[in-house]
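**Student:** One file: input-v9.cif (mmCIF, C-alpha atoms).
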data_input
#
loop_
_atom_site.label_atom_id
_atom_site.label_comp_id
_atom_site.auth_asym_id
_atom_site.auth_seq_id
_atom_site.Cartn_x
_atom_site.Cartn_y
_atom_site.Cartn_z
CA MET A 5 0.00 0.00 0.00
CA ARG A 6 1.58 3.26 -1.10
CA ALA A 7 0.25 5.40 1.72
CA ALA A 8 1.59 2.99 4.30
CA ALA A 9 4.87 2.61 2.48
CA GLY A 10 5.47 6.35 2.54
CA ALA A 11 4.68 6.56 6.22
CA ALA A 12 6.58 3.39 7.04
CA ARG A 13 9.66 4.75 5.31
CA ALA A 14 9.47 7.81 7.53
CA ALA A 15 9.14 5.46 10.47
CA VAL A 16 11.85 2.99 9.40
CA PRO A 17 10.38 3.03 4.18
CA GLY A 18 3.60 9.69 -1.52
CA GLY A 19 3.05 12.73 -2.79
CA PRO A 20 0.67 15.32 -4.15
CA SER A 21 -0.65 15.21 -7.66
CA GLN A 22 1.44 18.26 -8.53
CA ALA A 23 5.06 18.81 -7.59
CA PRO A 24 5.41 21.37 -4.79
CA ALA A 25 7.50 24.48 -5.13
CA GLY A 26 11.17 23.66 -4.94
CA ALA A 27 10.91 20.20 -6.47
CA PRO A 28 14.00 19.46 -8.62
CA GLN A 29 13.62 20.11 -12.32
CA PRO A 30 16.07 18.93 -15.00
CA ALA A 31 18.32 21.84 -15.84
CA GLY A 32 15.42 24.27 -15.90
CA GLU A 33 13.59 22.34 -18.61
CA SER A 34 9.79 22.18 -18.43
CA GLY A 35 7.00 20.45 -20.29
CA PRO A 36 7.26 17.29 -22.41
CA ALA A 37 9.38 18.96 -25.09
CA GLY A 38 11.89 20.35 -22.61
CA LEU A 39 12.08 17.11 -20.65
CA ALA A 40 12.51 15.03 -23.83
CA ALA A 41 15.24 17.36 -25.10
CA TYR A 42 17.10 17.28 -21.80
CA ALA A 43 16.89 13.49 -21.45
CA SER A 44 17.85 12.98 -25.10
CA ARG A 45 21.00 15.03 -24.65
CA ARG A 46 22.00 13.15 -21.51
CA LEU A 47 21.17 9.69 -22.85
CA GLY A 48 22.39 10.07 -26.41
CA VAL A 49 18.99 8.72 -27.47
CA VAL A 50 16.41 10.70 -29.46
CA LEU A 51 13.13 10.78 -27.54
CA ASP A 52 9.90 11.89 -29.20
CA PRO A 53 8.03 14.44 -27.03
CA ALA A 54 4.79 13.75 -28.91
CA THR A 55 4.72 10.28 -27.31
CA ALA A 56 5.22 11.49 -23.73
CA ARG A 57 2.60 10.25 -21.29
CA ALA A 58 2.70 11.42 -17.67
CA ASP A 59 1.88 9.16 -14.73
CA GLU A 60 1.16 11.27 -11.65
CA SER A 61 0.19 8.34 -9.39
CA GLY A 62 3.64 8.01 -7.79
CA TRP A 63 3.99 9.25 -4.24
CA ASP A 64 7.61 10.31 -4.45
CA PHE A 65 8.27 10.61 -8.17
CA ARG A 66 6.60 11.92 -11.30
CA VAL A 67 6.91 9.33 -14.08
CA THR A 68 6.87 9.94 -17.82
CA HIS A 69 6.59 7.18 -20.41
CA ILE A 70 8.19 8.26 -23.66
CA ARG A 71 9.22 6.53 -26.88
CA ALA A 72 12.51 6.91 -28.70
CA VAL A 73 12.67 7.23 -32.47
CA ASP A 74 13.84 3.59 -32.59
CA ARG A 75 10.44 2.76 -30.96
CA THR A 76 12.00 1.75 -27.63
CA TRP A 77 9.94 2.95 -24.67
CA TRP A 78 11.70 4.73 -21.81
CA ILE A 79 10.77 5.65 -18.26
CA LEU A 80 11.76 9.07 -16.95
CA ARG A 81 11.44 9.57 -13.17
CA GLN A 82 11.61 13.00 -11.58
CA PRO A 83 11.71 13.39 -7.78
CA ARG A 84 8.90 15.51 -6.39
CA ARG A 85 10.89 16.82 -3.40
CA PRO A 86 14.55 17.22 -2.43
CA GLU A 87 14.32 14.32 0.04
CA ALA A 88 13.06 12.05 -2.74
CA SER A 89 16.05 13.11 -4.80
CA GLU A 90 18.38 12.19 -1.94
CA GLN A 91 16.99 8.65 -1.66
CA LEU A 92 17.84 7.97 -5.31
CA ALA A 93 21.47 7.29 -4.41
CA PHE A 94 20.61 4.31 -2.22
CA GLU A 95 17.98 3.04 -4.65
CA GLY A 96 20.58 3.04 -7.42
CA ALA A 97 23.04 1.20 -5.20
CA VAL A 98 20.44 -1.45 -4.35
CA LEU A 99 19.58 -2.02 -8.00
CA ALA A 100 23.28 -2.46 -8.78
CA ALA A 101 23.57 -4.99 -5.95
CA VAL A 102 20.54 -7.11 -6.88
CA ARG A 103 20.40 -6.84 -10.69
CA ASP A 104 22.50 -9.93 -11.35
CA ARG A 105 20.96 -11.87 -8.45
CA THR A 106 17.24 -11.64 -9.04
CA PRO A 107 15.49 -14.08 -11.40
CA VAL A 108 13.10 -11.26 -12.33
CA PRO A 109 14.17 -8.20 -14.34
CA VAL A 110 14.59 -4.92 -12.45
CA PRO A 111 15.07 -1.39 -13.85
CA ASP A 112 18.41 -0.83 -15.57
CA TRP A 113 19.20 2.82 -15.01
CA ARG A 114 20.97 4.40 -17.98
CA LEU A 115 20.84 7.92 -16.52
CA HIS A 116 21.02 8.88 -12.87
CA THR A 117 21.23 12.51 -11.80
CA PRO A 118 19.75 14.19 -8.71
CA ASP A 119 16.83 15.41 -10.81
CA LEU A 120 16.21 12.61 -13.31
CA VAL A 121 16.46 8.84 -13.66
CA ALA A 122 15.94 7.17 -17.03
CA TYR A 123 15.79 3.53 -18.05
CA PRO A 124 14.25 1.35 -20.78
CA ARG A 125 10.72 0.36 -19.83
CA LEU A 126 10.38 -3.24 -18.72
CA PRO A 127 7.83 -5.35 -20.61
CA GLY A 128 4.45 -6.11 -19.15
CA GLU A 129 1.67 -4.42 -17.22
CA ALA A 130 0.98 -4.05 -13.52
CA ALA A 131 -0.53 -7.08 -11.81
CA GLY A 132 -2.94 -4.72 -10.07
CA THR A 133 -3.73 -1.10 -9.30
CA GLU A 134 -4.66 0.71 -6.11
CA ASP A 135 -7.72 2.94 -5.92
CA PRO A 136 -6.35 6.30 -4.67
CA ASP A 137 -9.45 6.97 -2.55
CA THR A 138 -10.34 3.61 -1.05
CA LEU A 139 -6.74 2.28 -1.07
CA VAL A 140 -8.07 -1.07 -2.30
CA TYR A 141 -6.24 -3.08 -4.96
CA GLY A 142 -7.85 -4.43 -8.08
CA TRP A 143 -5.96 -7.36 -9.60
CA SER A 144 -5.46 -7.81 -13.33
CA LEU A 145 -4.95 -11.55 -12.74
CA ASP A 146 -5.79 -14.19 -10.16
CA PRO A 147 -2.53 -14.48 -8.16
CA LEU A 148 -3.43 -17.99 -6.99
CA ALA A 149 -4.48 -19.40 -10.36
CA HIS A 150 -0.97 -20.12 -11.63
CA PRO A 151 1.49 -19.67 -8.74
CA GLY A 152 4.34 -21.10 -10.79
CA HIS A 153 4.09 -18.11 -13.10
CA TYR A 154 3.58 -15.33 -10.55
CA LEU A 155 3.92 -16.03 -6.81
CA GLU A 156 6.78 -18.51 -7.07
CA PRO A 157 9.08 -16.33 -9.18
CA LEU A 158 8.20 -13.41 -6.91
CA ALA A 159 9.22 -15.52 -3.91
CA ARG A 160 12.53 -16.40 -5.58
CA ALA A 161 13.13 -12.71 -6.26
CA LEU A 162 12.49 -11.88 -2.60
CA VAL A 163 14.91 -14.59 -1.48
CA ALA A 164 17.54 -13.13 -3.79
CA VAL A 165 17.00 -9.65 -2.34
CA HIS A 166 16.91 -10.79 1.29
CA THR A 167 20.10 -12.83 0.92
CA THR A 168 22.10 -10.08 -0.79
CA PRO A 169 25.28 -9.62 1.28
CA LEU A 170 25.07 -6.36 3.17
CA ASP A 171 28.79 -5.90 2.68
CA SER A 172 28.31 -5.93 -1.09
CA PRO A 173 30.67 -3.42 -2.73
CA ALA A 174 27.64 -1.91 -4.47
CA LEU A 175 26.01 -0.88 -1.18
CA PRO A 176 27.08 2.09 0.94
CA ALA A 177 29.43 1.14 3.76
CA GLY A 178 27.83 0.89 7.17
CA ARG A 179 24.28 0.02 6.16
CA GLY A 180 24.83 -3.60 7.18
CA GLN A 181 25.37 -2.56 10.80
CA ALA A 182 21.76 -1.42 11.21
CA ASP A 183 20.29 -2.37 14.60
CA PRO A 184 17.26 -4.72 14.44
CA GLY A 185 15.94 -3.12 17.60
CA ALA A 186 15.79 0.27 15.92
CA VAL A 187 13.03 -0.91 13.57
CA ARG A 188 10.93 -2.00 16.51
CA ALA A 189 11.64 1.21 18.41
CA ARG A 190 10.55 3.39 15.50
CA ILE A 191 7.27 1.51 15.19
CA ALA A 192 6.75 1.94 18.93
CA ASP A 193 7.31 5.67 18.47
CA ARG A 194 4.66 5.70 15.73
CA LEU A 195 2.19 4.00 18.06
CA THR A 196 2.93 6.52 20.82
CA ARG A 197 2.26 9.39 18.43
CA ALA A 198 -0.90 7.75 17.09
CA ARG A 199 -2.27 7.29 20.62
CA ALA A 200 -1.83 11.01 21.21
CA GLU A 201 -3.39 12.16 17.92
CA LEU A 202 -5.93 9.52 16.90
CA PRO A 203 -8.87 7.68 18.51
CA LEU A 204 -7.30 4.24 18.30
CA PRO A 205 -9.54 1.22 19.03
CA ALA A 206 -8.79 -0.40 22.37
CA ALA A 207 -8.56 -3.89 20.85
CA GLY A 208 -6.07 -2.74 18.25
CA LEU A 209 -4.00 -0.92 20.82
CA ARG A 210 -3.79 -4.06 22.96
CA ARG A 211 -2.78 -6.14 19.94
CA TRP A 212 -0.07 -3.72 18.84
CA ARG A 213 1.36 -3.42 22.34
CA ALA A 214 1.49 -7.22 22.66
CA TRP A 215 3.15 -7.46 19.25
CA LEU A 216 5.79 -4.89 20.17
CA ASP A 217 6.47 -6.63 23.49
CA ASP A 218 6.82 -10.16 22.07
CA ASP A 219 10.53 -10.78 21.47
CA ARG A 220 9.78 -14.04 19.64
CA LEU A 221 8.11 -12.25 16.74
CA TRP A 222 10.86 -9.79 15.87
CA PRO A 223 13.82 -10.65 13.63
CA GLY A 224 17.24 -11.01 15.16
CA ARG A 225 18.87 -9.64 12.02
CA LEU A 226 17.96 -7.31 9.22
CA THR A 227 18.25 -7.88 5.49
CA LEU A 228 18.08 -5.86 2.34
CA VAL A 229 14.39 -5.31 1.54
CA HIS A 230 12.50 -3.92 -1.45
CA GLY A 231 10.17 -2.16 0.96
CA ASP A 232 7.07 -1.76 -1.23
CA VAL A 233 6.12 -5.09 -2.83
CA HIS A 234 2.54 -4.85 -4.04
CA PRO A 235 0.66 -5.77 -7.25
CA GLY A 236 1.29 -2.36 -8.79
CA HIS A 237 5.04 -2.86 -8.56
CA THR A 238 5.00 -6.33 -10.13
CA LEU A 239 4.75 -6.54 -13.91
CA VAL A 240 3.26 -9.44 -15.82
CA VAL A 241 3.34 -10.33 -19.50
CA ARG A 242 0.47 -12.11 -21.23
CA PRO A 243 1.68 -14.59 -23.83
CA ARG A 244 -0.50 -15.60 -26.75
CA SER A 245 -1.08 -18.89 -25.01
CA GLY A 246 -0.67 -19.69 -21.35
CA PRO A 247 -1.17 -17.71 -18.14
CA PRO A 248 0.28 -14.29 -17.30
CA ALA A 249 3.84 -14.48 -16.00
CA LEU A 250 5.89 -12.20 -13.74
CA SER A 251 8.14 -10.02 -15.89
CA GLY A 252 9.54 -7.35 -13.60
CA LEU A 253 9.82 -5.88 -10.13
CA LEU A 254 9.57 -2.09 -10.11
CA ASP A 255 9.99 0.95 -7.86
CA TRP A 256 12.80 0.31 -5.43
CA ALA A 257 12.52 3.78 -3.89
CA ASN A 258 11.67 2.30 -0.47
CA ALA A 259 14.54 -0.20 -0.46
CA ASP A 260 16.36 -0.32 2.85
CA VAL A 261 18.12 -2.57 5.29
CA GLY A 262 15.16 -3.68 7.36
CA ASP A 263 12.74 -6.38 8.50
CA PRO A 264 12.22 -8.95 5.71
CA ALA A 265 8.62 -9.42 6.85
CA ALA A 266 7.88 -5.96 5.44
CA ASP A 267 8.08 -7.36 1.90
CA PHE A 268 5.06 -9.61 2.53
CA VAL A 269 2.68 -7.12 4.12
CA ASP A 270 1.25 -5.44 1.02
CA MET A 271 0.76 -8.74 -0.77
CA LEU A 272 -1.23 -9.93 2.25
CA TYR A 273 -3.27 -6.74 2.18
CA ALA A 274 -3.91 -7.02 -1.57
CA GLY A 275 -4.60 -10.76 -1.75
CA GLY A 276 -5.53 -11.97 1.73
CA THR A 277 -4.10 -14.81 3.79
CA ALA A 278 -4.37 -17.31 0.92
CA VAL A 279 -1.89 -15.26 -1.13
CA LEU A 280 0.36 -14.72 1.90
CA ASP A 281 0.46 -18.43 2.74
CA ARG A 282 1.22 -19.45 -0.84
CA LEU A 283 3.93 -16.79 -1.09
CA LEU A 284 5.51 -17.89 2.20
CA GLU A 285 5.39 -21.52 1.07
CA ALA A 286 7.17 -20.62 -2.16
CA TYR A 287 9.63 -18.40 -0.28
CA ARG A 288 10.58 -21.27 2.03
CA ALA A 289 10.91 -23.67 -0.90
CA ALA A 290 13.25 -21.19 -2.61
CA GLY A 291 15.53 -21.13 0.42
CA GLY A 292 14.09 -18.17 2.30
CA GLU A 293 14.04 -18.19 6.08
CA VAL A 294 10.52 -18.40 7.49
CA ARG A 295 11.01 -17.98 11.22
CA ASP A 296 8.66 -19.37 13.85
CA GLY A 297 6.10 -16.66 14.35
CA MET A 298 6.89 -14.90 11.09
CA ARG A 299 3.35 -15.30 9.77
CA ALA A 300 1.91 -13.82 12.96
CA HIS A 301 4.44 -11.01 12.73
CA ILE A 302 3.37 -10.23 9.14
CA LEU A 303 -0.30 -10.23 10.15
CA ALA A 304 0.44 -7.79 12.98
CA ARG A 305 2.47 -5.55 10.69
CA ALA A 306 -0.43 -5.59 8.24
CA SER A 307 -2.92 -4.49 10.89
CA PHE A 308 -0.55 -1.67 11.86
CA LEU A 309 -0.58 -0.44 8.24
CA TRP A 310 -3.69 1.55 9.04
CA VAL A 311 -1.91 3.45 11.80
CA HIS A 312 0.70 4.43 9.21
CA VAL A 313 -2.01 5.47 6.76
CA ALA A 314 -3.82 7.58 9.35
CA LEU A 315 -0.64 9.39 10.36
CA ARG A 316 0.25 9.86 6.72
CA GLY A 317 -3.16 11.41 6.19
CA LEU A 318 -2.55 13.82 9.06
CA ASP A 319 0.88 14.74 7.75
CA THR A 320 -0.28 15.38 4.19
CA GLY A 321 -3.66 17.01 4.87
CA ARG A 322 -5.76 14.10 3.59
CA PRO A 323 -8.66 13.65 6.05
CA ALA A 324 -10.22 10.98 3.81
CA TRP A 325 -7.21 8.75 4.42
CA VAL A 326 -7.53 9.29 8.17
CA GLN A 327 -11.20 8.32 8.11
CA THR A 328 -10.55 5.32 5.86
CA ALA A 329 -7.79 4.12 8.18
CA LEU A 330 -9.90 4.55 11.30
CA ARG A 331 -12.72 2.55 9.71
CA ARG A 332 -10.29 -0.24 8.82
CA MET A 333 -8.92 -0.28 12.36
CA ALA A 334 -12.38 -0.70 13.86
CA PRO A 335 -13.12 -4.20 15.25
#
Starting from the file, lay out its structure as structure tokens.
**Tutor:**
Amino acid sequence: MRAAAGAARAAVPGGPSQAPAGAPQPAGESGPAGLAAYASRRLGVVLDPATARADESGWDFRVTHIRAVDRTWWILRQPRRPEASEQLAFEGAVLAAVRDRTPVPVPDWRLHTPDLVAYPRLPGEAAGTEDPDTLVYGWSLDPLAHPGHYLEPLARALVAVHTTPLDSPALPAGRGQADPGAVRARIADRLTRARAELPLPAAGLRRWRAWLDDDRLWPGRLTLVHGDVHPGHTLVVRPRSGPPALSGLLDWANADVGDPAADFVDMLYAGGTAVLDRLLEAYRAAGGEVRDGMRAHILARASFLWVHVALRGLDTGRPAWVQTALRRMAP
């Protein structure tokens, strides 16, 4: 869930429909023609501004789909705020670290500046989309119908990410020394703030306190995580015959060294426990570590998503999100 991911990033890993004042712009260029000209110069590829199509749904980045004269489609990502620009450095490092490890294609950045990232568009379409008002996902496929084509390769990709050595030369030095307890402490801080600012349900508050206090549920070590694995960030291709198949894993902006359980939460939210259980089964079969209590931990993290969404709504002036989150928290 994008709202939760934005808030969770602030807590451990959104944005308005228009870039706020001060958002980075490529070398003063504006509009499709200016953006295409700027990117063409930097890439050495001729992009056709007449084909530019803006996607304003991203929380941290404005995305433009644009075609080159050789008919190759490109993705241009522009950060909406300076802090989004700053996180590009780590995202690029993560992609460099995982690109040759994952069985699923990931973006191959051909241009990386503080104000623009460009890469050839991966094939396929999103496995689902999120309604911006209700925050409910609509799937473009049945994720359980052919797990060998979607959930199992996704599980193998997650194993590859979670087992990436944290001392990889591609990653910034020092990230591997992150304290597992810090993740838990930041979530506790979020709950403390939410208690002060929101009418939290008593049952939920008891559950979240018990979750935070249960040492058995929390990981003893952190791993590299994607941080925002949901249907909209998984691409699928539809062959002429046969079921849709996973073809890409997008949007690594929330990548971090963190709790591996975080990479299962949005898939649980989007698909329910049946999707979670099948994904965990495939993850274990692919060599991933499924700790005792990990499923319960994921379920608790998923219920806490709505606290993140409510706080995100407060922080961004979206009362509808706050009300939606409070309704979802209700027993």
**Student:** To verify the selection step, state as a ChimeraX atom specification which residues the PyMOL selection byres ((chain A and resi 236) around 6) yields on this input.
**Tutor:** /A:130-133,234-235,237-238
**Student:** I'd like the residues picked by the PyMOL selection byres ((chain A and resi 303) around 12) written out as a PDB file with C-alpha atoms, in the coordinates of the input, using the chain letters and numbers from the file.
**Tutor:**
ATOM      1  CA  ARG A 211      -2.780  -6.140  19.940  1.00  0.00           C
ATOM      2  CA  TRP A 212      -0.070  -3.720  18.840  1.00  0.00           C
ATOM      3  CA  TRP A 215       3.150  -7.460  19.250  1.00  0.00           C
ATOM      4  CA  LEU A 221       8.110 -12.250  16.740  1.00  0.00           C
ATOM      5  CA  ALA A 265       8.620  -9.420   6.850  1.00  0.00           C
ATOM      6  CA  ALA A 266       7.880  -5.960   5.440  1.00  0.00           C
ATOM      7  CA  PHE A 268       5.060  -9.610   2.530  1.00  0.00           C
ATOM      8  CA  VAL A 269       2.680  -7.120   4.120  1.00  0.00           C
ATOM      9  CA  ASP A 270       1.250  -5.440   1.020  1.00  0.00           C
ATOM     10  CA  MET A 271       0.760  -8.740  -0.770  1.00  0.00           C
ATOM     11  CA  LEU A 272      -1.230  -9.930   2.250  1.00  0.00           C
ATOM     12  CA  TYR A 273      -3.270  -6.740   2.180  1.00  0.00           C
ATOM     13  CA  GLY A 276      -5.530 -11.970   1.730  1.00  0.00           C
ATOM     14  CA  THR A 277      -4.100 -14.810   3.790  1.00  0.00           C
ATOM     15  CA  LEU A 280       0.360 -14.720   1.900  1.00  0.00           C
ATOM     16  CA  ASP A 281       0.460 -18.430   2.740  1.00  0.00           C
ATOM     17  CA  GLY A 297       6.100 -16.660  14.350  1.00  0.00           C
ATOM     18  CA  MET A 298       6.890 -14.900  11.090  1.00  0.00           C
ATOM     19  CA  ARG A 299       3.350 -15.300   9.770  1.00  0.00           C
ATOM     20  CA  ALA A 300       1.910 -13.820  12.960  1.00  0.00           C
ATOM     21  CA  HIS A 301       4.440 -11.010  12.730  1.00  0.00           C
ATOM     22  CA  ILE A 302       3.370 -10.230   9.140  1.00  0.00           C
ATOM     23  CA  ALA A 304       0.440  -7.790  12.980  1.00  0.00           C
ATOM     24  CA  ARG A 305       2.470  -5.550  10.690  1.00  0.00           C
ATOM     25  CA  ALA A 306      -0.430  -5.590   8.240  1.00  0.00           C
ATOM     26  CA  SER A 307      -2.920  -4.490  10.890  1.00  0.00           C
ATOM     27  CA  PHE A 308      -0.550  -1.670  11.860  1.00  0.00           C
ATOM     28  CA  LEU A 309      -0.580  -0.440   8.240  1.00  0.00           C
TER      29      LEU A 309
END
**Student:** Please expand the PyMOL selection byres ((chain A and resi 99-112) around 9) into the concrete residues it hits in this file, giving the result as a count of residues only.
**Tutor:** 33
**Student:** Counting only C-alpha atoms, which residue out of A:His312, A:Ala93, A:Pro83, A:Met333 sits closest to A:Leu209?
**Tutor:**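 Of A:His312, A:Ala93, A:Pro83, A:Met333, the one nearest A:Leu209, counting only C-alpha atoms, is A:Met333.
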**Student:** Check the smallest atom-to-atom distance from each of A:Thr117, A:Gln91, A:Thr76, A:Ser144 to A:Pro247 using all atoms listed in the file, then report the winner.
**Tutor:**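 Ranked by minimum distance to A:Pro247, first place goes to A:Ser144.
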**Student:** Show which residues sit within 8 Å of A:Val311, as a PyMOL selection string. Count only C-alpha atoms, and ignore same-chain residues fewer than 3 positions away.
**Tutor:** chain A and resi 194-195+198+308+314-315+329+333
**Student:** Write out as a ChimeraX atom specification which residues come within 12 Å of A:Thr227 when counting all atoms listed in the file, dropping same-chain ones fewer than 3 positions away.
**Tutor:** /A:98,162-171,179-184,187,223-224,230-231,259-267,292-293
**Student:** Of the candidates A:Pro86, A:Gly291, A:Pro335, A:Gly128, which one gets nearest to A:Leu239 if we count all atoms listed in the file?
**Tutor:**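 Of A:Pro86, A:Gly291, A:Pro335, A:Gly128, the one nearest A:Leu239 is A:Gly128, counting all atoms listed in the file.
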**Student:** Taking into account only C-alpha atoms, which residue in the set A:Ala207, A:Val326, A:Val49, A:Leu148 is nearest to A:Pro248?
**Tutor:** A:Leu148
**Student:** Go through A:Leu120, A:Ala286, A:Leu330, A:Val279 and flag the residue nearest A:Ala149, using all atoms listed in the file for the distances.
**Tutor:**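 Checking each candidate against A:Ala149, we get A:Val279 as the closest.
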**Student:** Mind giving me the straight-line distance from atom CA of A:Arg225 to atom CA of A:Arg188 in Å, one decimal?
**Tutor:**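 Rounded to one decimal, the two atoms are 11.9 Å apart.
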**Student:** Using all atoms listed in the file, which residues sit within 7 Å of A:Arg81 once same-chain residues fewer than 5 positions away are excluded, as a PDB file with C-alpha atoms, in the coordinates of the input?
**Tutor:**
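Result written to selection.pdb:
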ATOM      1  CA  PHE A  65       8.270  10.610  -8.170  1.00  0.00           C
ATOM      2  CA  ARG A  66       6.600  11.920 -11.300  1.00  0.00           C
ATOM      3  CA  VAL A  67       6.910   9.330 -14.080  1.00  0.00           C
ATOM      4  CA  THR A  68       6.870   9.940 -17.820  1.00  0.00           C
ATOM      5  CA  LEU A 120      16.210  12.610 -13.310  1.00  0.00           C
ATOM      6  CA  VAL A 121      16.460   8.840 -13.660  1.00  0.00           C
ATOM      7  CA  ALA A 122      15.940   7.170 -17.030  1.00  0.00           C
TER       8      ALA A 122
END
**Student:** Name the closest residue to A:Thr328 among the candidates A:Asp137, A:Asp119, A:Asp74, A:Asp52; distances are taken between atoms, counting only C-alpha atoms.
**Tutor:**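 Ranked by minimum distance to A:Thr328, first place goes to A:Asp137.
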